[in-house]
>>> print(open('final26.cif').read())   # mmCIF, C-alpha atoms and all ligand atoms
data_upload
#
loop_
_atom_site.label_atom_id
_atom_site.label_comp_id
_atom_site.auth_asym_id
_atom_site.auth_seq_id
_atom_site.Cartn_x
_atom_site.Cartn_y
_atom_site.Cartn_z
CA MET A 422 -147.26 -99.92 -46.52
CA ASN A 423 -146.00 -96.49 -47.58
CA ASN A 424 -143.51 -94.80 -45.28
CA TYR A 425 -142.82 -91.09 -45.70
CA ARG A 426 -139.69 -89.45 -44.28
CA ILE A 427 -140.58 -86.04 -42.92
CA ALA A 428 -138.07 -83.36 -41.89
CA LEU A 429 -139.53 -81.60 -38.85
CA LEU A 430 -138.28 -78.03 -38.47
CA PRO A 431 -139.96 -76.46 -35.46
CA GLY A 432 -137.80 -73.32 -35.75
CA ASP A 433 -138.48 -70.60 -33.20
CA GLY A 434 -141.05 -69.35 -30.71
CA ILE A 435 -144.52 -70.84 -31.13
CA GLY A 436 -143.20 -72.81 -34.11
CA THR A 437 -142.07 -75.47 -31.65
CA GLU A 438 -145.40 -75.52 -29.81
CA VAL A 439 -147.60 -75.84 -32.90
CA LEU A 440 -145.42 -78.46 -34.55
CA GLU A 441 -145.16 -80.58 -31.39
CA ALA A 442 -148.96 -80.38 -31.04
CA ALA A 443 -149.69 -81.18 -34.68
CA TRP A 444 -147.23 -84.02 -35.26
CA PRO A 445 -149.03 -86.69 -33.11
CA VAL A 446 -152.29 -85.79 -34.87
CA LEU A 447 -150.69 -86.52 -38.24
CA GLN A 448 -149.30 -89.79 -36.92
CA THR A 449 -152.78 -90.82 -35.83
CA VAL A 450 -154.34 -90.09 -39.20
CA ALA A 451 -151.48 -91.95 -40.88
CA ARG A 452 -152.12 -95.04 -38.73
CA GLN A 453 -155.81 -94.95 -39.67
CA HIS A 454 -154.87 -94.88 -43.35
CA ASP A 455 -152.18 -97.56 -43.22
CA PHE A 456 -149.13 -95.49 -43.91
CA THR A 457 -146.35 -94.27 -41.64
CA LEU A 458 -144.71 -90.92 -41.11
CA GLU A 459 -141.10 -91.13 -39.97
CA GLY A 460 -140.12 -87.78 -38.48
CA THR A 461 -136.61 -86.40 -38.05
CA TRP A 462 -136.44 -83.32 -35.83
CA LEU A 463 -133.94 -80.75 -37.06
CA PRO A 464 -133.07 -77.97 -34.57
CA TRP A 465 -132.31 -75.27 -37.17
CA SER A 466 -133.38 -72.00 -35.57
CA CYS A 467 -132.17 -68.79 -33.94
CA ASP A 468 -130.80 -70.91 -31.06
CA TYR A 469 -128.85 -72.94 -33.61
CA TYR A 470 -127.54 -69.65 -35.02
CA HIS A 471 -126.19 -68.70 -31.59
CA SER A 472 -124.22 -71.89 -31.22
CA HIS A 473 -123.17 -72.37 -34.89
CA GLY A 474 -123.12 -68.86 -36.40
CA LYS A 475 -125.66 -69.85 -39.06
CA MET A 476 -129.33 -70.81 -39.19
CA MET A 477 -128.70 -74.25 -40.65
CA PRO A 478 -125.69 -76.37 -41.66
CA ALA A 479 -123.90 -75.47 -44.90
CA ASP A 480 -125.30 -78.67 -46.46
CA GLY A 481 -128.78 -78.11 -44.96
CA VAL A 482 -130.59 -77.92 -48.30
CA GLU A 483 -128.76 -81.08 -49.47
CA GLN A 484 -129.84 -82.87 -46.27
CA LEU A 485 -133.46 -81.86 -46.90
CA LYS A 486 -133.37 -83.46 -50.34
CA GLY A 487 -133.25 -86.83 -48.55
CA PHE A 488 -136.81 -86.36 -47.20
CA ASP A 489 -140.23 -86.74 -48.77
CA ALA A 490 -141.55 -83.52 -47.21
CA ILE A 491 -140.60 -80.75 -44.79
CA TYR A 492 -142.97 -79.70 -42.01
CA LEU A 493 -141.98 -76.33 -40.58
CA GLY A 494 -143.19 -74.29 -37.62
CA ALA A 495 -141.97 -70.68 -37.63
CA VAL A 496 -138.76 -68.75 -38.07
CA GLY A 497 -137.40 -65.72 -36.27
CA LEU A 498 -136.68 -64.31 -32.84
CA PRO A 499 -135.75 -60.69 -33.49
CA ASP A 500 -134.33 -60.18 -29.99
CA ARG A 501 -131.75 -62.89 -30.73
CA VAL A 502 -131.13 -62.72 -34.51
CA PRO A 503 -132.19 -59.90 -36.87
CA ASP A 504 -135.24 -61.02 -38.88
CA HIS A 505 -133.57 -60.37 -42.24
CA ILE A 506 -130.87 -62.89 -41.29
CA SER A 507 -133.11 -65.62 -39.81
CA LEU A 508 -135.70 -65.43 -42.60
CA ARG A 509 -133.21 -65.28 -45.44
CA GLU A 510 -130.82 -67.93 -44.08
CA LEU A 511 -133.51 -70.49 -43.27
CA LEU A 512 -136.98 -70.02 -44.76
CA LEU A 513 -135.99 -68.21 -47.95
CA ALA A 514 -132.82 -70.31 -48.31
CA ILE A 515 -134.90 -73.50 -48.31
CA ARG A 516 -137.48 -72.08 -50.73
CA GLN A 517 -134.77 -70.91 -53.12
CA GLY A 518 -132.42 -73.88 -52.56
CA LEU A 519 -135.12 -76.44 -53.38
CA ASP A 520 -136.61 -74.19 -56.05
CA LEU A 521 -140.01 -74.28 -54.34
CA SER A 522 -141.40 -71.85 -56.87
CA VAL A 523 -145.06 -72.03 -55.82
CA ASN A 524 -146.47 -70.99 -52.47
CA ALA A 525 -150.13 -72.04 -52.38
CA ARG A 526 -152.29 -70.69 -49.56
CA PRO A 527 -156.00 -71.58 -49.18
CA HIS A 528 -158.32 -69.03 -47.62
CA ARG A 529 -161.79 -70.04 -46.53
CA LEU A 530 -163.73 -70.08 -43.29
CA LEU A 531 -163.61 -73.35 -41.39
CA ALA A 532 -167.02 -74.58 -40.18
CA GLY A 533 -168.29 -72.54 -37.26
CA VAL A 534 -165.59 -69.87 -37.50
CA PRO A 535 -167.35 -66.50 -37.83
CA GLY A 536 -164.56 -64.45 -39.45
CA PRO A 537 -164.52 -60.65 -39.30
CA LEU A 538 -166.49 -59.79 -42.47
CA ARG A 539 -170.02 -58.35 -42.45
CA SER A 540 -171.09 -60.42 -45.45
CA SER A 541 -171.80 -64.08 -44.78
CA ALA A 542 -171.24 -65.07 -48.43
CA PRO A 543 -168.95 -68.12 -48.42
CA PHE A 544 -165.56 -67.62 -50.06
CA ASP A 545 -162.87 -70.07 -51.09
CA ILE A 546 -159.74 -68.41 -52.42
CA LEU A 547 -156.50 -70.13 -53.41
CA CYS A 548 -153.69 -67.58 -53.39
CA ILE A 549 -150.66 -68.65 -55.37
CA ARG A 550 -147.58 -66.66 -54.57
CA GLU A 551 -144.40 -66.70 -56.64
CA ASN A 552 -141.91 -68.01 -54.11
CA THR A 553 -138.29 -67.82 -55.26
CA GLU A 554 -137.65 -64.51 -57.01
CA GLY A 555 -139.39 -61.16 -57.62
CA GLU A 556 -139.06 -58.65 -54.82
CA TYR A 557 -137.47 -61.27 -52.49
CA SER A 558 -134.61 -62.17 -54.85
CA GLY A 559 -132.09 -60.67 -52.45
CA ALA A 560 -130.33 -58.66 -55.16
CA GLY A 561 -129.13 -55.20 -54.24
CA GLY A 562 -126.78 -53.47 -51.90
CA ARG A 563 -125.93 -50.47 -49.81
CA VAL A 564 -123.18 -47.88 -50.21
CA HIS A 565 -121.99 -44.98 -48.05
CA ARG A 566 -123.42 -46.75 -45.00
CA GLY A 567 -124.37 -44.38 -42.24
CA GLY A 568 -123.41 -41.26 -44.24
CA ASP A 569 -125.53 -38.51 -45.76
CA LEU A 570 -124.99 -40.05 -49.19
CA GLU A 571 -126.21 -43.49 -48.13
CA VAL A 572 -128.03 -45.43 -50.85
CA ALA A 573 -129.97 -48.69 -50.55
CA VAL A 574 -131.02 -50.60 -53.65
CA GLU A 575 -133.29 -53.67 -53.65
CA THR A 576 -133.73 -55.15 -57.10
CA ALA A 577 -136.81 -57.21 -57.93
CA ILE A 578 -135.95 -59.92 -60.44
CA PHE A 579 -138.62 -61.44 -62.66
CA THR A 580 -137.48 -64.16 -65.04
CA ARG A 581 -139.52 -65.51 -67.93
CA ALA A 582 -139.19 -69.04 -66.55
CA GLY A 583 -140.09 -67.95 -63.02
CA VAL A 584 -143.18 -65.98 -63.98
CA GLU A 585 -144.36 -68.54 -66.50
CA ARG A 586 -144.15 -71.52 -64.12
CA VAL A 587 -146.12 -69.87 -61.34
CA LEU A 588 -148.76 -68.62 -63.76
CA ARG A 589 -148.99 -72.05 -65.38
CA TYR A 590 -149.51 -73.63 -61.96
CA GLY A 591 -152.26 -71.08 -61.28
CA PHE A 592 -153.99 -71.83 -64.58
CA GLU A 593 -153.87 -75.58 -63.85
CA GLN A 594 -155.48 -74.97 -60.45
CA ALA A 595 -158.11 -72.67 -61.96
CA ARG A 596 -158.94 -75.34 -64.51
CA GLN A 597 -159.53 -77.87 -61.68
CA ARG A 598 -161.56 -75.39 -59.63
CA SER A 599 -164.00 -72.74 -60.91
CA GLY A 600 -162.20 -71.86 -64.15
CA ARG A 601 -161.47 -68.32 -62.93
CA LEU A 602 -158.05 -66.77 -62.35
CA ALA A 603 -157.03 -63.35 -61.08
CA SER A 604 -153.56 -62.14 -62.10
CA VAL A 605 -152.16 -59.47 -59.80
CA THR A 606 -149.74 -56.69 -60.73
CA LYS A 607 -149.17 -52.99 -60.33
CA SER A 608 -148.46 -52.52 -64.00
CA ASN A 609 -149.75 -48.96 -64.13
CA ALA A 610 -146.88 -47.91 -61.85
CA GLN A 611 -144.20 -50.57 -62.33
CA ARG A 612 -143.66 -50.36 -66.03
CA HIS A 613 -141.01 -53.05 -66.47
CA SER A 614 -141.57 -56.10 -64.29
CA MET A 615 -145.32 -55.82 -63.96
CA VAL A 616 -145.99 -55.09 -67.63
CA PHE A 617 -143.84 -58.17 -68.29
CA TRP A 618 -146.06 -60.14 -65.84
CA ASP A 619 -149.18 -58.97 -67.75
CA GLU A 620 -147.60 -60.05 -71.05
CA MET A 621 -146.72 -63.46 -69.57
CA THR A 622 -150.28 -63.80 -68.28
CA ASP A 623 -151.61 -63.27 -71.82
CA ARG A 624 -149.06 -65.70 -73.23
CA VAL A 625 -149.91 -68.50 -70.77
CA ALA A 626 -153.66 -67.75 -70.99
CA ALA A 627 -153.50 -68.65 -74.69
CA ASP A 628 -152.94 -72.28 -73.61
CA TYR A 629 -155.98 -72.16 -71.30
CA PRO A 630 -158.90 -70.81 -73.34
CA ASP A 631 -161.28 -72.42 -70.82
CA VAL A 632 -159.98 -70.23 -67.97
CA ASP A 633 -161.48 -66.79 -67.47
CA VAL A 634 -158.71 -64.31 -66.56
CA THR A 635 -159.15 -61.00 -64.77
CA ARG A 636 -156.25 -58.61 -64.19
CA TYR A 637 -156.19 -56.70 -60.94
CA HIS A 638 -153.88 -54.11 -59.52
CA VAL A 639 -152.72 -55.22 -56.12
CA ASP A 640 -154.41 -52.37 -54.26
CA ALA A 641 -157.74 -53.09 -55.93
CA ILE A 642 -157.65 -56.82 -55.22
CA ALA A 643 -156.57 -56.15 -51.62
CA ALA A 644 -159.80 -54.17 -51.15
CA ARG A 645 -161.84 -56.78 -53.02
CA MET A 646 -160.58 -59.56 -50.76
CA ILE A 647 -162.26 -57.69 -47.92
CA THR A 648 -165.38 -56.35 -49.62
CA ALA A 649 -166.25 -59.21 -52.01
CA PRO A 650 -163.98 -62.24 -51.45
CA GLU A 651 -166.67 -64.54 -52.85
CA THR A 652 -165.95 -63.10 -56.32
CA LEU A 653 -162.38 -64.47 -56.28
CA ASP A 654 -161.07 -68.00 -56.78
CA VAL A 655 -157.47 -68.57 -57.88
CA VAL A 656 -155.27 -65.51 -57.32
CA VAL A 657 -151.71 -65.45 -58.68
CA ALA A 658 -149.28 -62.81 -57.45
CA SER A 659 -145.60 -62.00 -57.11
CA ASN A 660 -143.60 -62.84 -53.99
CA LEU A 661 -144.16 -59.55 -52.13
CA PHE A 662 -147.72 -58.95 -53.32
CA GLY A 663 -148.60 -62.58 -52.52
CA ASP A 664 -147.07 -62.25 -49.07
CA ILE A 665 -149.25 -59.24 -48.32
CA LEU A 666 -152.43 -60.59 -49.93
CA THR A 667 -152.17 -63.85 -48.01
CA ASP A 668 -152.06 -61.94 -44.72
CA ILE A 669 -155.34 -60.34 -45.81
CA GLY A 670 -156.54 -63.83 -46.71
CA ALA A 671 -155.59 -64.98 -43.22
CA ALA A 672 -157.41 -62.02 -41.66
CA ILE A 673 -160.68 -62.73 -43.48
CA GLN A 674 -160.56 -66.41 -42.53
CA GLY A 675 -160.35 -65.53 -38.85
CA GLY A 676 -156.70 -64.72 -38.31
CA LEU A 677 -153.18 -65.98 -38.86
CA GLY A 678 -153.93 -68.94 -36.62
CA PHE A 679 -155.90 -70.47 -39.50
CA ALA A 680 -153.70 -69.77 -42.52
CA ALA A 681 -151.77 -72.69 -44.02
CA SER A 682 -149.15 -72.74 -46.71
CA ALA A 683 -147.67 -75.24 -49.18
CA ASN A 684 -144.28 -74.47 -50.76
CA ILE A 685 -143.87 -76.74 -53.74
CA ASN A 686 -141.77 -77.38 -56.77
CA PRO A 687 -144.33 -78.36 -59.43
CA THR A 688 -141.72 -80.30 -61.40
CA GLY A 689 -141.22 -82.66 -58.43
CA GLY A 690 -138.01 -84.41 -57.46
CA VAL A 691 -137.56 -82.42 -54.24
CA PRO A 692 -139.60 -82.35 -51.03
CA GLY A 693 -142.28 -79.73 -50.59
CA MET A 694 -142.32 -77.60 -47.44
CA PHE A 695 -145.53 -77.13 -45.47
CA GLU A 696 -145.93 -74.45 -42.80
CA PRO A 697 -148.40 -72.17 -41.10
CA VAL A 698 -148.33 -68.67 -42.58
CA HIS A 699 -147.80 -67.15 -39.13
CA GLY A 700 -144.43 -66.36 -37.63
CA SER A 701 -142.89 -67.24 -34.28
CA ALA A 702 -145.04 -64.79 -32.20
CA PRO A 703 -142.49 -64.27 -29.39
CA ASP A 704 -145.11 -62.33 -27.38
CA ILE A 705 -147.15 -65.49 -26.74
CA MET A 706 -144.45 -68.17 -26.90
CA GLY A 707 -144.33 -70.72 -24.09
CA LYS A 708 -147.87 -69.93 -22.91
CA GLY A 709 -149.87 -72.61 -24.74
CA LEU A 710 -151.90 -69.88 -26.46
CA ALA A 711 -150.86 -70.57 -30.06
CA ASN A 712 -153.54 -71.82 -32.45
CA PRO A 713 -152.38 -75.15 -33.97
CA LEU A 714 -155.02 -75.18 -36.74
CA ALA A 715 -152.85 -73.47 -39.38
CA THR A 716 -150.13 -76.05 -38.78
CA LEU A 717 -152.65 -78.91 -38.87
CA TRP A 718 -154.14 -77.55 -42.09
CA ALA A 719 -150.59 -77.31 -43.49
CA GLY A 720 -150.22 -80.96 -42.45
CA ALA A 721 -153.31 -81.79 -44.51
CA LEU A 722 -151.77 -79.99 -47.49
CA MET A 723 -148.63 -82.10 -46.97
CA LEU A 724 -150.60 -85.36 -46.90
CA GLU A 725 -152.48 -84.29 -50.05
CA HIS A 726 -149.16 -83.53 -51.75
CA LEU A 727 -147.79 -86.93 -50.72
CA GLY A 728 -150.77 -88.53 -52.45
CA GLU A 729 -152.66 -89.39 -49.23
CA SER A 730 -155.82 -87.50 -50.20
CA ALA A 731 -158.21 -89.57 -48.07
CA ALA A 732 -156.10 -88.94 -44.96
CA ALA A 733 -155.91 -85.23 -45.78
CA ALA A 734 -159.70 -85.07 -46.14
CA ASP A 735 -160.22 -86.92 -42.84
CA LEU A 736 -157.87 -84.52 -41.08
CA MET A 737 -159.76 -81.49 -42.42
CA ASP A 738 -163.09 -83.08 -41.46
CA ALA A 739 -161.83 -83.71 -37.91
CA ILE A 740 -160.61 -80.11 -37.64
CA GLU A 741 -164.03 -78.84 -38.70
CA GLU A 742 -165.84 -81.25 -36.41
CA VAL A 743 -164.14 -79.38 -33.57
CA THR A 744 -164.36 -75.81 -34.94
CA VAL A 745 -168.10 -76.15 -35.59
CA THR A 746 -168.65 -76.59 -31.84
CA GLY A 747 -167.03 -73.22 -31.13
CA ALA A 748 -164.18 -74.86 -29.20
CA GLY A 749 -160.79 -73.32 -29.78
CA THR A 750 -157.77 -71.41 -28.53
CA PRO A 751 -158.12 -67.86 -27.11
CA ASP A 752 -157.65 -66.20 -30.54
CA MET A 753 -160.82 -68.10 -31.55
CA GLY A 754 -162.67 -66.92 -28.47
CA GLY A 755 -162.14 -70.29 -26.78
CA THR A 756 -160.32 -71.50 -23.70
CA LEU A 757 -158.34 -74.48 -25.03
CA SER A 758 -154.56 -74.58 -25.02
CA THR A 759 -152.55 -75.42 -28.14
CA GLY A 760 -152.17 -79.04 -27.03
CA GLU A 761 -155.78 -79.45 -25.89
CA LEU A 762 -157.18 -78.30 -29.24
CA ALA A 763 -154.84 -80.61 -31.15
CA ARG A 764 -155.73 -83.55 -28.86
CA GLN A 765 -159.47 -83.02 -29.46
CA ILE A 766 -158.84 -83.38 -33.18
CA GLN A 767 -156.59 -86.39 -32.59
CA ALA A 768 -159.31 -88.06 -30.51
CA ILE A 769 -161.81 -87.72 -33.37
CA LEU A 770 -159.32 -89.24 -35.81
CA GLY A 771 -158.54 -92.11 -33.45
CA ARG A 772 -162.18 -93.14 -33.01
N1 LIG A 801 -144.30 -70.13 -40.63
C1 LIG A 801 -143.18 -69.65 -41.24
C2 LIG A 801 -142.77 -68.30 -40.75
O1 LIG A 801 -142.09 -68.18 -39.77
N2 LIG A 801 -143.23 -67.26 -41.41
C3 LIG A 801 -142.93 -65.93 -41.04
C4 LIG A 801 -142.58 -65.02 -42.16
O2 LIG A 801 -142.16 -63.91 -41.91
N3 LIG A 801 -142.73 -65.44 -43.40
C5 LIG A 801 -142.42 -64.66 -44.51
C6 LIG A 801 -142.70 -65.37 -45.76
O3 LIG A 801 -143.53 -66.30 -45.79
O4 LIG A 801 -142.11 -65.01 -46.78
#
>>> encode(input="final26.cif", output="structure tokens")
Amino acid sequence: MNNYRIALLPGDGIGTEVLEAAWPVLQTVARQHDFTLEGTWLPWSCDYYHSHGKMMPADGVEQLKGFDAIYLGAVGLPDRVPDHISLRELLLAIRQGLDLSVNARPHRLLAGVPGPLRSSAPFDILCIRENTEGEYSGAGGRVHRGGDLEVAVETAIFTRAGVERVLRYGFEQARQRSGRLASVTKSNAQRHSMVFWDEMTDRVAADYPDVDVTRYHVDAIAARMITAPETLDVVVASNLFGDILTDIGAAIQGGLGFAASANINPTGGVPGMFEPVHGSAPDIMGKGLANPLATLWAGALMLEHLGESAAAADLMDAIEEVTVTGAGTPDMGGTLSTGELARQIQAILGR
């Protein structure tokens, strides 16, 4: 029987609530499919920062290498730790430390979820966001702090290896899906990095003559995701552009409560990290209002990545067996709490 060691990082705010709700559901589906999930809860968070002066131990990334996957809730409590510290020292540090170069985010409507768009045309978009460099490289600095001559510089770094590997992953996905790929830049305005991205797209496309490539500027594809999402399939974008586009993706699939995310290193050898796209939502924390579906969907992505495809499919089916009834948390127009919604799904899986 396969046993998978999972690092559980609830993090902050509703991260704890959604992960605590989702974890028993994953254990149930594992039991039904004859494998086990052995969870280790790691308290790395803004609270941890207050008692230790850092978001995770100095050897945190090394510790994570001992697991098969990382299941994360949310990071950040701006009243306690500035967001640029909590995000960079935990979420971005793990992505960069494990070289999780691909952030894959599926956007489609779950059964029964109306979504906000006027058109009822079904859409199924896989956004692939470059995850370790680009605009979030962390390079830059500030001088003359607080003075009239103050300068802030943030340098976006695009490496040939970094751009090529995320594009290549996108082309592989496109090949397995509809054979269509959208490459996103702003190369009319950003004449160095984004022209380079276009050139790399052409270079990689030469190895995938069966994939139909369309180039979009980020503003144009942002509008298209709202007006005609059914025309898009695999979308590959830089770290910042992907971050923004996947919030639009979340919005058109009904909200951030539905959006799941897989951070992976396509070369393997390190654990992937699976998380809801949403943050810690301090305004609703502790109230049982958080939607656990994004975290459960992220759990399905984790099971798929671990090679447990049948369990992942069963989990998604159970989620949709509930959503199709209209039952849900308040953000879905329902009355269920975080735990109640997760337990309904668990009950279906345990049948
Ligand atoms: N669920 C993880 C989380 O807390 N996300 C909040 C966030 O700000 N993420 C930024 C990012 O994905 O780069």
>>> residues_around(input="final26.cif", residues="A:Arg589", least_positions_apart="5", cutoff="10 Å", atoms="only C-alpha atoms", output="number ranges by chain")
A: 584, 594-595, 621-622, 625-626, 628-629, 657, 687
>>> write_last_selection(input="final26.cif", atoms="C-alpha atoms", output="PDB file, keeping the file's coordinate frame")
ATOM      1  CA  VAL A 584    -143.180 -65.980 -63.980  1.00  0.00           C
ATOM      2  CA  GLN A 594    -155.480 -74.970 -60.450  1.00  0.00           C
ATOM      3  CA  ALA A 595    -158.110 -72.670 -61.960  1.00  0.00           C
ATOM      4  CA  MET A 621    -146.720 -63.460 -69.570  1.00  0.00           C
ATOM      5  CA  THR A 622    -150.280 -63.800 -68.280  1.00  0.00           C
ATOM      6  CA  VAL A 625    -149.910 -68.500 -70.770  1.00  0.00           C
ATOM      7  CA  ALA A 626    -153.660 -67.750 -70.990  1.00  0.00           C
ATOM      8  CA  ASP A 628    -152.940 -72.280 -73.610  1.00  0.00           C
ATOM      9  CA  TYR A 629    -155.980 -72.160 -71.300  1.00  0.00           C
ATOM     10  CA  VAL A 657    -151.710 -65.450 -58.680  1.00  0.00           C
ATOM     11  CA  PRO A 687    -144.330 -78.360 -59.430  1.00  0.00           C
TER      12      PRO A 687
END
>>> closest_atom_pairs(input="final26.cif", of="stretch 498-561 of chain A", to="stretch 692-714 of chain A", cutoff="8 Å", atoms="only C-alpha atoms", output="CSV")
residue,atom,partner,partner_atom,distance
A:Leu498,CA,A:Pro703,CA,6.8
A:Leu519,CA,A:Pro692,CA,7.8
A:Leu521,CA,A:Gly693,CA,7.0
>>> closest_atom_pairs(input="final26.cif", of="chain A", to="ligand LIG 801 (chain A)", cutoff="8 Å", atoms="all atoms listed in the file", output="JSON lines")
{"residue": "A:Gly432", "atom": "CA", "partner": "A:LIG801", "partner_atom": "O1", "distance": 7.8}
{"residue": "A:Asp433", "atom": "CA", "partner": "A:LIG801", "partner_atom": "O1", "distance": 7.9}
{"residue": "A:Gly436", "atom": "CA", "partner": "A:LIG801", "partner_atom": "N1", "distance": 7.1}
{"residue": "A:Leu493", "atom": "CA", "partner": "A:LIG801", "partner_atom": "N1", "distance": 6.6}
{"residue": "A:Gly494", "atom": "CA", "partner": "A:LIG801", "partner_atom": "N1", "distance": 5.3}
{"residue": "A:Ala495", "atom": "CA", "partner": "A:LIG801", "partner_atom": "O1", "distance": 3.3}
{"residue": "A:Val496", "atom": "CA", "partner": "A:LIG801", "partner_atom": "O1", "distance": 3.8}
{"residue": "A:Gly497", "atom": "CA", "partner": "A:LIG801", "partner_atom": "O1", "distance": 6.3}
{"residue": "A:Leu508", "atom": "CA", "partner": "A:LIG801", "partner_atom": "O2", "distance": 6.7}
{"residue": "A:Leu512", "atom": "CA", "partner": "A:LIG801", "partner_atom": "C1", "distance": 7.1}
{"residue": "A:Leu513", "atom": "CA", "partner": "A:LIG801", "partner_atom": "O4", "distance": 7.0}
{"residue": "A:Asn552", "atom": "CA", "partner": "A:LIG801", "partner_atom": "O4", "distance": 7.9}
{"residue": "A:Asn660", "atom": "CA", "partner": "A:LIG801", "partner_atom": "O4", "distance": 7.7}
{"residue": "A:Leu661", "atom": "CA", "partner": "A:LIG801", "partner_atom": "O4", "distance": 7.9}
{"residue": "A:Asp664", "atom": "CA", "partner": "A:LIG801", "partner_atom": "O4", "distance": 6.1}
{"residue": "A:Glu696", "atom": "CA", "partner": "A:LIG801", "partner_atom": "N1", "distance": 5.1}
{"residue": "A:Pro697", "atom": "CA", "partner": "A:LIG801", "partner_atom": "N1", "distance": 4.6}
{"residue": "A:Val698", "atom": "CA", "partner": "A:LIG801", "partner_atom": "N1", "distance": 4.7}
{"residue": "A:His699", "atom": "CA", "partner": "A:LIG801", "partner_atom": "N1", "distance": 4.8}
{"residue": "A:Gly700", "atom": "CA", "partner": "A:LIG801", "partner_atom": "O1", "distance": 3.7}
{"residue": "A:Ser701", "atom": "CA", "partner": "A:LIG801", "partner_atom": "O1", "distance": 5.6}
>>> write_last_selection(input="final26.cif", atoms="C-alpha atoms", output="mmCIF file, in the frame of the given file")
data_model
loop_
_atom_site.group_PDB
_atom_site.id
_atom_site.type_symbol
_atom_site.label_atom_id
_atom_site.label_comp_id
_atom_site.auth_asym_id
_atom_site.auth_seq_id
_atom_site.Cartn_x
_atom_site.Cartn_y
_atom_site.Cartn_z
ATOM 1 C CA GLY A 432 -137.800 -73.320 -35.750
ATOM 2 C CA ASP A 433 -138.480 -70.600 -33.200
ATOM 3 C CA GLY A 436 -143.200 -72.810 -34.110
ATOM 4 C CA LEU A 493 -141.980 -76.330 -40.580
ATOM 5 C CA GLY A 494 -143.190 -74.290 -37.620
ATOM 6 C CA ALA A 495 -141.970 -70.680 -37.630
ATOM 7 C CA VAL A 496 -138.760 -68.750 -38.070
ATOM 8 C CA GLY A 497 -137.400 -65.720 -36.270
ATOM 9 C CA LEU A 508 -135.700 -65.430 -42.600
ATOM 10 C CA LEU A 512 -136.980 -70.020 -44.760
ATOM 11 C CA LEU A 513 -135.990 -68.210 -47.950
ATOM 12 C CA ASN A 552 -141.910 -68.010 -54.110
ATOM 13 C CA ASN A 660 -143.600 -62.840 -53.990
ATOM 14 C CA LEU A 661 -144.160 -59.550 -52.130
ATOM 15 C CA ASP A 664 -147.070 -62.250 -49.070
ATOM 16 C CA GLU A 696 -145.930 -74.450 -42.800
ATOM 17 C CA PRO A 697 -148.400 -72.170 -41.100
ATOM 18 C CA VAL A 698 -148.330 -68.670 -42.580
ATOM 19 C CA HIS A 699 -147.800 -67.150 -39.130
ATOM 20 C CA GLY A 700 -144.430 -66.360 -37.630
ATOM 21 C CA SER A 701 -142.890 -67.240 -34.280
#
>>> closest_residue(input="final26.cif", among="A:Arg426, A:Arg598, A:His726, A:Arg452", to="A:Arg772", atoms="all atoms listed in the file")
A:Arg452
>>> closest_residue(input="final26.cif", among="A:Val574, A:Asp545, A:Leu531, A:Leu666", to="A:Val743", atoms="all atoms listed in the file")
A:Leu531
>>> closest_residue(input="final26.cif", among="A:Pro543, A:Gly689, A:Gly533, A:Gly749", to="A:Arg764", atoms="only C-alpha atoms")
A:Gly749
>>> residues_around(input="final26.cif", residues="A:Gly460", least_positions_apart="5", cutoff="12 Å", atoms="only C-alpha atoms", output="ChimeraX atom specification")
/A:424-431,440-441,444-445,447-448,488-493
>>> closest_residue(input="final26.cif", among="A:Cys467, A:Leu770, A:Thr744, A:Met646", to="A:His505", atoms="only C-alpha atoms")
A:Cys467
>>> atom_distance(input="final26.cif", atom1="atom CA of A:Met477", atom2="atom CA of A:Ala715")
24.2 Å
>>> residues_around(input="final26.cif", residues="A:Gln517", least_positions_apart="5", cutoff="10 Å", atoms="all atoms listed in the file", output="list in words")
Val482, Arg509, Leu511, Leu512, Ser522, Asn552, Thr553, Glu554 and Ser558 of chain A
>>> atom_distance(input="final26.cif", atom1="atom CA of A:Asp455", atom2="atom CA of A:Ile766")
18.6 Å
>>> closest_residue(input="final26.cif", among="A:Ala721, A:Arg624, A:Phe679, A:Ile546", to="A:Asp752", atoms="only C-alpha atoms")
A:Phe679
>>> closest_residue(input="final26.cif", among="A:Val691, A:His565, A:Asp633, A:Trp462", to="A:Ile515", atoms="only C-alpha atoms")
A:Val691
>>> atom_distance(input="final26.cif", atom1="atom CA of A:Thr750", atom2="atom CA of A:Glu438")
13.1 Å
>>> residues_around(input="final26.cif", residues="A:Ala768", least_positions_apart="6", cutoff="9 Å", atoms="all atoms listed in the file", output="ChimeraX atom specification")
/A:446,449,739
>>> residues_near_point(input="final26.cif", point="(-152.1, -70.5, -48.7)", cutoff="7 Å", atoms="all atoms listed in the file", output="VMD selection string")
chain A and resid 524 to 528 547 to 548 667 680 to 683
>>> write_last_selection(input="final26.cif", atoms="C-alpha atoms", output="compact mmCIF listing (two decimals), in the frame of the given file")
# COMPACT_ATOMS: atom_id res chain seq x y z
CA ASN A 524 -146.47 -70.99 -52.47
CA ALA A 525 -150.13 -72.04 -52.38
CA ARG A 526 -152.29 -70.69 -49.56
CA PRO A 527 -156.00 -71.58 -49.18
CA HIS A 528 -158.32 -69.03 -47.62
CA LEU A 547 -156.50 -70.13 -53.41
CA CYS A 548 -153.69 -67.58 -53.39
CA THR A 667 -152.17 -63.85 -48.01
CA ALA A 680 -153.70 -69.77 -42.52
CA ALA A 681 -151.77 -72.69 -44.02
CA SER A 682 -149.15 -72.74 -46.71
CA ALA A 683 -147.67 -75.24 -49.18
>>> residues_around(input="final26.cif", residues="A:Ser659", least_positions_apart="5", cutoff="8 Å", atoms="all atoms listed in the file", output="PyMOL selection string")
chain A and resi 550-552+555-556+605-606
